[in-house]
$ cat run_2.txt   # compact mmCIF, C-alpha atoms
# COMPACT_ATOMS: atom_id res chain seq x y z
CA MET F 245 1.77 51.91 70.14
CA GLU F 246 -0.15 55.09 70.82
CA CYS F 247 -3.22 55.91 68.80
CA ASN F 248 -5.23 59.06 69.51
CA ILE F 249 -8.08 60.25 67.36
CA ARG F 250 -9.21 63.75 68.20
CA SER F 251 -10.07 66.48 65.75
CA PRO F 252 -11.74 66.31 62.35
CA VAL F 253 -9.67 66.49 59.20
CA ILE F 254 -11.73 69.06 57.37
CA PRO F 255 -15.12 70.21 58.62
CA VAL F 256 -17.79 68.82 56.32
CA THR F 257 -21.43 69.76 56.19
CA PRO F 258 -23.74 67.19 54.65
CA SER F 259 -25.09 68.33 51.30
CA SER F 260 -28.38 67.43 49.67
CA SER F 261 -26.59 64.86 47.51
CA SER F 262 -25.25 63.02 50.54
CA ARG F 263 -27.93 63.33 53.22
CA ARG F 264 -27.34 59.86 54.58
CA LEU F 265 -23.62 60.51 55.11
CA HIS F 266 -23.63 62.04 58.59
CA TYR F 267 -20.11 61.10 59.58
CA ASP F 268 -17.59 62.71 61.85
CA TYR F 269 -14.24 62.38 60.14
CA PRO F 270 -11.82 61.49 62.92
CA THR F 271 -8.14 62.02 62.25
CA ALA F 272 -5.10 63.46 63.96
CA ILE F 273 -3.84 59.89 64.18
CA LYS F 274 -0.66 60.03 66.23
CA LEU F 275 1.52 56.99 65.95
CA SER F 276 4.73 56.71 67.89
CA ARG F 277 6.22 53.91 65.76
CA LEU F 278 3.94 53.60 62.76
CA LYS F 279 4.42 56.82 60.83
CA HIS F 280 3.40 55.83 57.32
CA PRO F 281 0.94 52.91 57.37
CA HIS F 282 1.25 52.07 53.67
CA SER F 283 1.67 48.30 53.75
CA VAL F 284 -1.24 45.94 54.32
CA GLY F 285 0.28 44.58 57.53
CA GLN F 286 0.78 48.06 58.98
CA ARG F 287 -2.78 49.05 58.14
CA LEU F 288 -4.06 45.93 59.89
CA VAL F 289 -2.14 46.86 63.06
CA LEU F 290 -3.58 50.36 62.90
CA LYS F 291 -7.13 49.07 62.47
CA ILE F 292 -6.89 46.86 65.55
CA ALA F 293 -5.18 49.52 67.68
CA CYS F 294 -7.71 52.20 66.83
CA GLY F 295 -10.79 49.98 67.12
CA LEU F 296 -11.85 50.33 63.50
CA ASP F 297 -14.06 47.93 61.63
CA GLN F 298 -12.70 45.15 59.43
CA ASN F 299 -12.42 47.52 56.46
CA GLY F 300 -10.42 50.10 58.40
CA SER F 301 -13.20 52.67 58.23
CA VAL F 302 -15.93 54.38 60.20
CA GLU F 303 -19.38 53.98 58.67
CA GLY F 304 -17.81 52.94 55.37
CA LEU F 305 -15.42 55.91 55.03
CA PRO F 306 -11.66 55.26 55.24
CA LEU F 307 -9.40 56.61 57.97
CA ILE F 308 -6.26 55.71 56.02
CA PRO F 309 -5.60 56.70 52.40
CA GLY F 310 -6.02 53.60 50.24
CA LYS F 311 -4.67 52.78 46.80
CA ILE F 312 -7.42 54.47 44.81
CA PHE F 313 -5.21 57.46 44.01
CA THR F 314 -1.88 55.66 43.80
CA GLU F 315 -0.05 54.40 40.73
CA GLU F 316 0.37 50.72 41.48
CA ALA F 317 3.27 48.70 40.15
CA ILE F 318 2.58 46.50 37.13
CA GLY F 319 4.19 43.45 38.75
CA ALA F 320 5.26 39.97 37.65
CA GLU F 321 7.84 41.33 35.20
CA TYR F 322 9.85 38.15 35.68
CA GLY F 323 6.92 35.88 36.50
CA GLU F 324 7.18 36.50 40.23
CA GLY F 325 4.01 36.17 42.26
CA PHE F 326 3.02 36.84 45.84
CA GLU F 327 3.54 35.20 49.20
CA THR F 328 0.75 33.43 51.05
CA PHE F 329 0.77 31.67 54.38
CA ARG F 330 -0.01 28.07 55.25
CA GLN F 331 0.11 26.11 58.49
CA ASP F 332 3.56 24.81 57.63
CA GLY F 333 4.91 28.27 56.86
CA PRO F 334 4.96 30.88 54.10
CA LEU F 335 4.42 29.77 50.51
CA LYS F 336 5.73 31.77 47.56
CA VAL F 337 3.40 31.60 44.60
CA ASP F 338 4.50 32.65 41.12
CA VAL F 339 3.04 32.44 37.63
CA ASP F 340 4.64 29.11 36.73
CA PHE F 341 3.55 27.59 40.06
CA LEU F 342 -0.09 28.54 39.45
CA ASN F 343 -0.07 27.36 35.83
CA GLU F 344 1.20 23.99 37.02
CA HIS F 345 -0.91 23.48 40.15
CA LEU F 346 -4.17 24.85 38.75
CA GLU F 347 -4.09 22.46 35.82
CA ALA F 348 -7.48 20.80 35.38
CA ASP F 349 -7.76 17.19 36.54
CA LEU F 350 -8.91 14.37 34.27
CA PRO F 351 -12.70 14.75 34.79
CA GLN F 352 -12.42 18.50 34.22
CA ARG F 353 -10.34 18.02 31.07
CA ILE F 354 -12.95 15.63 29.70
CA ARG F 355 -15.68 18.17 30.42
CA HIS F 356 -13.64 21.03 28.93
CA ALA F 357 -13.08 18.95 25.80
CA MET F 358 -16.84 18.81 25.32
CA LYS F 359 -17.48 22.39 26.56
CA PRO F 360 -14.25 24.33 25.92
CA ASP F 361 -15.67 27.69 27.03
CA GLU F 362 -15.89 26.50 30.64
CA ALA F 363 -12.10 26.20 30.81
CA PHE F 364 -11.73 29.99 30.64
CA GLY F 365 -11.84 32.53 33.45
CA LEU F 366 -12.66 36.20 32.97
CA ILE F 367 -11.13 38.93 35.13
CA PHE F 368 -12.57 42.46 35.03
CA SER F 369 -10.96 45.58 36.44
CA TRP F 370 -13.41 47.77 38.31
CA ASP F 371 -12.30 51.19 37.09
CA ASN F 372 -13.78 52.12 33.69
CA VAL F 373 -14.35 48.45 32.80
CA VAL F 374 -17.26 47.54 35.05
CA ALA F 375 -18.35 51.11 35.84
CA ASN F 376 -17.30 54.56 34.71
CA THR F 377 -15.23 55.93 37.59
CA ARG F 378 -13.45 58.72 35.71
CA ALA F 379 -16.06 61.28 36.73
CA LEU F 380 -15.91 60.12 40.36
CA LYS F 381 -12.15 60.70 40.57
CA LEU F 382 -12.24 64.05 38.79
CA ASN F 383 -15.08 65.27 41.01
CA ALA F 384 -13.14 64.19 44.11
CA TRP F 385 -10.15 66.27 42.99
CA ARG F 386 -12.35 69.28 42.22
CA GLN F 387 -14.12 69.04 45.58
CA LEU F 388 -10.80 68.78 47.39
CA ALA F 389 -9.51 71.88 45.61
CA ALA F 390 -12.71 73.81 46.35
CA GLU F 391 -12.57 72.95 50.07
CA GLY F 392 -9.02 74.26 50.30
CA GLY F 393 -9.47 77.29 48.03
CA LEU F 394 -7.12 75.78 45.45
CA GLU F 395 -7.31 75.59 41.68
CA ILE F 396 -7.05 72.77 39.14
CA PRO F 397 -6.29 73.53 35.46
CA ASP F 398 -8.83 72.31 32.91
CA ASP F 399 -6.37 71.25 30.18
CA ASP F 400 -6.48 67.65 28.90
CA VAL F 401 -2.97 66.76 30.11
CA THR F 402 -3.77 67.72 33.70
CA GLN F 403 -7.08 65.87 33.61
CA ARG F 404 -5.38 62.67 32.44
CA ARG F 405 -2.73 63.00 35.16
CA LEU F 406 -5.45 63.36 37.78
CA LEU F 407 -6.91 60.04 36.62
CA HIS F 408 -3.79 57.95 36.18
CA ALA F 409 -0.98 59.39 38.34
CA GLY F 410 -0.50 59.00 42.09
CA ALA F 411 -1.87 61.62 44.47
CA ASP F 412 1.60 62.63 45.73
CA PHE F 413 2.88 63.17 42.20
CA VAL F 414 -0.20 65.16 41.20
CA MET F 415 -0.12 67.46 44.22
CA ASN F 416 3.64 68.11 44.10
CA LYS F 417 4.52 67.96 40.39
CA ILE F 418 1.31 68.79 38.53
CA LEU F 419 -0.74 71.10 40.74
CA PHE F 420 2.24 72.44 42.74
CA TRP F 421 0.37 72.50 46.01
CA GLU F 422 3.13 73.34 48.49
CA LYS F 423 2.10 71.36 51.56
CA SER F 424 3.96 69.78 54.44
CA GLU F 425 4.08 66.01 54.80
CA SER F 426 1.32 65.94 57.40
CA GLU F 427 -0.86 68.27 55.32
CA SER F 428 -0.34 66.07 52.25
CA GLU F 429 -1.41 62.98 54.20
CA THR F 430 -4.52 64.83 55.39
CA LEU F 431 -5.37 65.86 51.83
CA LYS F 432 -4.90 62.32 50.53
CA LEU F 433 -7.18 60.99 53.26
CA ARG F 434 -9.83 63.59 52.47
CA LEU F 435 -9.49 62.77 48.75
CA SER F 436 -10.24 59.11 49.46
CA GLN F 437 -13.23 60.08 51.59
CA LEU F 438 -14.62 62.27 48.82
CA TYR F 439 -14.25 59.41 46.35
CA TYR F 440 -16.18 57.06 48.65
CA GLU F 441 -18.90 59.69 49.03
CA ASN F 442 -19.13 60.07 45.24
CA LEU F 443 -19.22 56.30 44.90
CA GLN F 444 -22.69 56.38 46.46
CA SER F 445 -23.99 58.15 43.34
CA ILE F 446 -22.96 55.45 40.88
CA ASP F 447 -26.06 53.71 39.54
CA LYS F 448 -25.21 51.89 36.29
CA SER F 449 -22.55 49.77 34.67
CA LEU F 450 -20.86 50.37 31.34
CA GLU F 451 -23.08 50.08 28.31
CA GLY F 452 -23.39 46.50 27.07
CA LEU F 453 -21.73 44.94 30.13
CA VAL F 454 -24.86 43.24 31.47
CA ASP F 455 -25.62 41.63 28.10
CA TRP F 456 -22.03 40.42 27.84
CA LEU F 457 -22.05 39.01 31.37
CA GLU F 458 -25.36 37.30 30.65
CA ALA F 459 -23.87 35.60 27.57
CA VAL F 460 -20.83 34.56 29.59
CA LYS F 461 -23.08 33.19 32.34
CA LYS F 462 -24.96 31.02 29.84
CA ALA F 463 -21.60 29.62 28.69
CA HIS F 464 -20.75 28.81 32.36
CA ILE F 465 -17.57 30.90 32.34
CA PRO F 466 -16.63 32.12 35.85
CA CYS F 467 -15.88 35.83 36.34
CA ALA F 468 -13.96 37.89 38.88
CA VAL F 469 -13.66 41.62 39.51
CA VAL F 470 -10.50 43.25 40.91
CA SER F 471 -10.21 46.64 42.57
CA SER F 472 -8.31 48.61 45.19
CA LEU F 473 -11.60 49.24 47.01
CA ASP F 474 -12.38 47.39 50.21
CA ARG F 475 -14.76 44.45 49.88
CA LYS F 476 -17.67 46.08 51.69
CA ASN F 477 -17.85 49.07 49.35
CA MET F 478 -17.06 46.90 46.34
CA VAL F 479 -20.00 44.57 47.02
CA ARG F 480 -22.28 47.51 47.71
CA ALA F 481 -21.36 49.17 44.40
CA LEU F 482 -21.78 45.93 42.41
CA GLU F 483 -25.21 45.36 43.95
CA LYS F 484 -26.26 48.92 43.20
CA ILE F 485 -25.43 48.66 39.50
CA GLY F 486 -27.01 45.19 39.32
CA VAL F 487 -24.04 42.98 38.35
CA LYS F 488 -23.10 41.34 41.65
CA GLU F 489 -24.67 37.99 40.67
CA TYR F 490 -22.34 37.61 37.68
CA PHE F 491 -19.09 37.63 39.67
CA GLN F 492 -17.97 34.49 41.49
CA ALA F 493 -14.90 36.16 43.02
CA ILE F 494 -13.85 39.61 44.24
CA VAL F 495 -10.28 40.78 44.83
CA GLY F 496 -10.08 43.92 46.96
CA GLU F 497 -7.92 45.76 49.43
CA GLU F 498 -8.22 43.01 52.06
CA ASP F 499 -6.42 40.53 49.81
CA GLY F 500 -3.19 42.46 50.34
CA MET F 501 -1.96 42.42 46.76
CA GLU F 502 0.84 44.88 46.09
CA SER F 503 0.65 45.15 42.28
CA ILE F 504 -1.80 44.92 39.40
CA ALA F 505 -0.46 41.54 38.31
CA HIS F 506 -0.81 40.12 41.81
CA ARG F 507 -4.49 41.06 41.81
CA PHE F 508 -4.96 39.15 38.57
CA LEU F 509 -3.14 36.11 39.96
CA SER F 510 -5.26 36.21 43.11
CA ALA F 511 -8.39 36.31 40.95
CA ALA F 512 -7.18 33.27 38.98
CA VAL F 513 -6.72 31.35 42.24
CA LYS F 514 -10.23 32.27 43.42
CA LEU F 515 -11.70 31.22 40.08
CA ASP F 516 -9.71 27.96 40.15
CA ARG F 517 -8.36 28.67 36.67
CA LYS F 518 -4.71 28.65 35.71
CA PRO F 519 -3.49 32.09 34.59
CA SER F 520 -2.82 30.97 31.02
CA LYS F 521 -6.55 30.24 30.65
CA CYS F 522 -7.71 33.64 31.93
CA VAL F 523 -8.76 36.72 29.97
CA VAL F 524 -8.34 40.16 31.55
CA PHE F 525 -10.61 43.07 30.60
CA GLU F 526 -8.74 46.35 31.01
CA ASP F 527 -8.74 49.92 29.76
CA ASP F 528 -5.18 50.83 30.74
CA PRO F 529 -1.92 49.85 28.98
CA ARG F 530 -0.40 49.07 32.39
CA GLY F 531 -3.15 46.55 33.06
CA VAL F 532 -2.58 44.97 29.64
CA ALA F 533 1.13 44.60 30.44
CA ALA F 534 0.30 43.07 33.83
CA ALA F 535 -2.02 40.55 32.20
CA HIS F 536 0.66 39.46 29.74
CA ASN F 537 3.19 39.16 32.55
CA CYS F 538 0.79 36.66 34.11
CA THR F 539 0.50 34.70 30.81
CA MET F 540 -3.10 35.90 30.53
CA MET F 541 -4.87 37.25 27.48
CA ALA F 542 -5.93 40.90 27.48
CA VAL F 543 -9.02 42.54 25.99
CA ALA F 544 -8.75 46.34 26.01
CA LEU F 545 -11.69 48.74 26.08
CA ILE F 546 -11.02 51.85 24.03
CA GLY F 547 -12.10 54.98 25.88
CA ALA F 548 -9.88 56.32 28.63
CA HIS F 549 -6.92 55.55 26.36
CA PRO F 550 -6.97 55.78 22.55
CA ALA F 551 -6.61 52.67 20.42
CA TYR F 552 -2.98 53.37 19.50
CA GLU F 553 -2.00 53.15 23.18
CA LEU F 554 -3.63 49.73 23.48
CA VAL F 555 -1.90 48.00 20.57
CA GLN F 556 -0.31 45.44 22.93
CA ALA F 557 -3.73 44.02 23.82
CA ASP F 558 -4.77 40.76 22.18
CA LEU F 559 -8.09 42.37 21.27
CA ALA F 560 -9.27 45.99 21.45
CA VAL F 561 -12.95 46.90 21.26
CA GLY F 562 -14.96 50.07 21.55
CA SER F 563 -17.75 48.49 23.62
CA TYR F 564 -18.96 45.16 24.96
CA SER F 565 -21.51 44.93 22.17
CA GLU F 566 -18.65 44.00 19.80
CA LEU F 567 -17.85 40.84 21.78
CA SER F 568 -19.15 37.30 21.55
CA VAL F 569 -18.14 34.09 23.28
CA ILE F 570 -16.50 32.90 20.07
CA ASN F 571 -14.02 35.77 20.47
CA LEU F 572 -12.67 34.03 23.58
CA ARG F 573 -12.01 30.85 21.65
CA ARG F 574 -10.20 32.76 18.93
CA LEU F 575 -7.91 34.37 21.50
CA PHE F 576 -6.58 30.94 22.42
CA ALA F 577 -6.68 29.47 18.92
CA GLN F 578 -2.95 30.06 18.38
CA ARG F 579 -1.99 28.41 21.65
CA GLY F 580 -1.59 24.89 20.38
CA PHE F 581 1.88 24.42 21.87
CA ASN F 582 4.00 25.93 24.57
CA PHE F 583 6.96 28.02 23.58
CA MET F 584 10.05 25.97 22.60
CA ASP F 585 8.13 22.68 22.68
CA LEU F 586 9.23 20.15 20.09
CA GLN F 587 6.73 20.05 17.27
CA LYS F 588 6.33 17.76 14.33
CA GLN F 589 6.52 19.34 10.95
CA ILE F 590 4.32 17.75 8.36
CA ILE F 591 5.91 17.70 4.95
CA GLU F 592 3.37 17.37 2.24
CA LYS F 593 4.49 15.08 -0.55
CA SER F 594 3.92 16.58 -3.93
CA PRO F 595 2.13 14.34 -6.43
CA PRO F 596 4.40 12.59 -8.93
CA LYS F 597 5.03 14.45 -12.09
CA ARG F 598 3.51 13.09 -15.24
CA LYS F 599 6.00 11.67 -17.69
CA LEU F 600 5.44 12.93 -21.14
CA SER F 601 6.43 10.70 -24.03
CA ILE F 602 6.71 11.83 -27.60
CA ASP F 603 6.08 9.34 -30.30
CA THR F 604 7.99 10.06 -33.47
CA ILE F 605 7.06 8.41 -36.73
CA PHE F 606 9.75 8.22 -39.32
$ encode --input "run_2.txt" --output "C-alpha cells"
Amino acid sequence: MECNIRSPVIPVTPSSSSRRLHYDYPTAIKLSRLKHPHSVGQRLVLKIACGLDQNGSVEGLPLIPGKIFTEEAIGAEYGEGFETFRQDGPLKVDVDFLNEHLEADLPQRIRHAMKPDEAFGLIFSWDNVVANTRALKLNAWRQLAAEGGLEIPDDDVTQRRLLHAGADFVMNKILFWEKSESESETLKLRLSQLYYENLQSIDKSLEGLVDWLEAVKKAHIPCAVVSSLDRKNMVRALEKIGVKEYFQAIVGEEDGMESIAHRFLSAAVKLDRKPSKCVVFEDDPRGVAAAHNCTMMAVALIGAHPAYELVQADLAVGSYSELSVINLRRLFAQRGFNFMDLQKQIIEKSPPKRKLSIDTIF
C-alpha cells in the first residue's frame, strides 16, 4: 500500500486564539487500495502505514475525517450488539447476552439490596450533555465557509441541519456546494480539524452538571462518557472543564463502535453494569431510541431539541438542577418483573356482608 503525504490541505495561519497550534496540515494521502478509509480497521491500517500516532493524528489534529460530522446509525433495533475478539476467536455480543452475563453475583446482590443506588450505571453523551458543543460545530462550519469564500444561510432549519446531519448531506443537499469527491473529502478533513481547534476553547461543563456528578459520586454510582472523539482529546477536554474525576469509563473512537447503541453497550461493559440497569443522559431523540434499544432508561435534556421531540424519554428535564438520586430509583420502580413473566394476582377478599334482621311484633 502506497502512502504519500505531501502538500497542505488548506494553508492556515495561526490566529491569536490558537497561538499554540502551529501545525502543518499534511494531506494529499494517496492510497492505491484504500480509497475511503471509513471503517475502524481501515483507519488503523492507514495510521500504521503513514506513521501516525495512536490517535491517527499529528499533534492532536486528525488526518482522517472522523465521525464528529456524520449521522451515526441508532443501532440495536433488534437487540443486536457488536463483535469483540478473544483468544479462542470472535465473540458476538448482543443486548440479551450482556444482560445475562453482567448479572451481579451473590455478594453484589446483597450489597445492592442494602444500597440499591450502587446497582445503577450512568452513561453521558459528550455533545450538549457534558459540554455545550453546538457553538463549536457551528463555528467550524462558518470558518470552513469563510476559508473557501462560501456562504451559509442563517435560517433556523439550516442551522439545525448543520448540527445534526452528516457533512456529505449538508454540503450536497443543504448548502449545495458543488465539489468533486476529492474536494469533499478535503473539506470534511478540514472541518474536523477546525472542530478540534475550537475544542481547545471549551472551558466549562453544562450548568449544574458538576453538582449532579458530585451527588452521584456520593451515592457510589459509576459513570461513563461516550463520544466520537479520540481518547486523547476526550480526556484533555474533560480535564479542562474539571469533570474527568467523575467518569470511571470513556468510550471513544478507538473502541470501534459503529452505532450509538453500540457505544452505550460498550460503556455498560466498562462499568460492569448490565444494560437494563443503566441510565443514558441524552439530548437527541436518536440517542433516546438507542438507549431503549439497549433496554436502558433515558433521561433527556431539553435544549437542542424541544420537549415535544423528546416525549419517548423516560424523564425529560430542563437542567441537571432538577435531578436527584431518588429520580433514578423512580425510573426503575415499575420494573418489578420482566415482560411476559408469570405473575401472581392477589385477589382481595371483600369483608362479609352484614345480615340485617327485622324483628316484627304482631
$ residues_around --input "run_2.txt" --residues "Gly547 in chain F" --least-positions-apart "3" --cutoff "10 Å" --atoms "only C-alpha atoms" --output "list in words"
Asn372, Val373, Asp527, Asp528, Ala544, Pro550, Ala551, Val561, Gly562 and Ser563 of chain F
$ atom_distance --input "run_2.txt" --atom1 "CA of Gln387 in chain F" --atom2 "CA of His549 in chain F"
24.6 Å
$ closest_residue --input "run_2.txt" --among "F:Thr328, F:Gln403, F:Asn376, F:Gln352" --to "Leu545 in chain F" --atoms "all atoms listed in the file"
F:Asn376
$ atom_distance --input "run_2.txt" --atom1 "CA of Gln556 in chain F" --atom2 "CA of Ala375 in chain F"
22.9 Å
$ residues_around --input "run_2.txt" --residues "Glu566 in chain F" --least-positions-apart "3" --cutoff "12 Å" --atoms "all atoms listed in the file" --output "list in words"
Glu451, Gly452, Leu453, Asp455, Trp456, Val543, Ala544, Leu545, Ile546, Leu559, Ala560, Val561, Gly562, Ser563, Val569, Ile570 and Asn571 of chain F
$ atom_distance --input "run_2.txt" --atom1 "CA of Arg386 in chain F" --atom2 "CA of Lys417 in chain F"
17.0 Å
$ axis_aligned_box --input "run_2.txt" --around "range 412-428 of chain F" --padding-each-side "8 Å" --output "JSON"
{"center_x": 1.8, "center_y": 68.0, "center_z": 48.0, "size_x": 21.4, "size_y": 26.7, "size_z": 34.9}
$ residues_around --input "run_2.txt" --residues "range 483-497 of chain F" --least-positions-apart "4" --cutoff "8 Å" --atoms "all atoms listed in the file" --output "ChimeraX atom specification"
/F:446-449,454,457-458,461,466-475,478-479,501,507,510-511,514-515
$ residues_around --input "run_2.txt" --residues "Ser568 in chain F" --least-positions-apart "3" --cutoff "10 Å" --atoms "all atoms listed in the file" --output "list of chain:residue names"
F:Trp456, F:Ala459, F:Val460, F:Tyr564, F:Ser565, F:Asn571, F:Leu572, F:Arg573
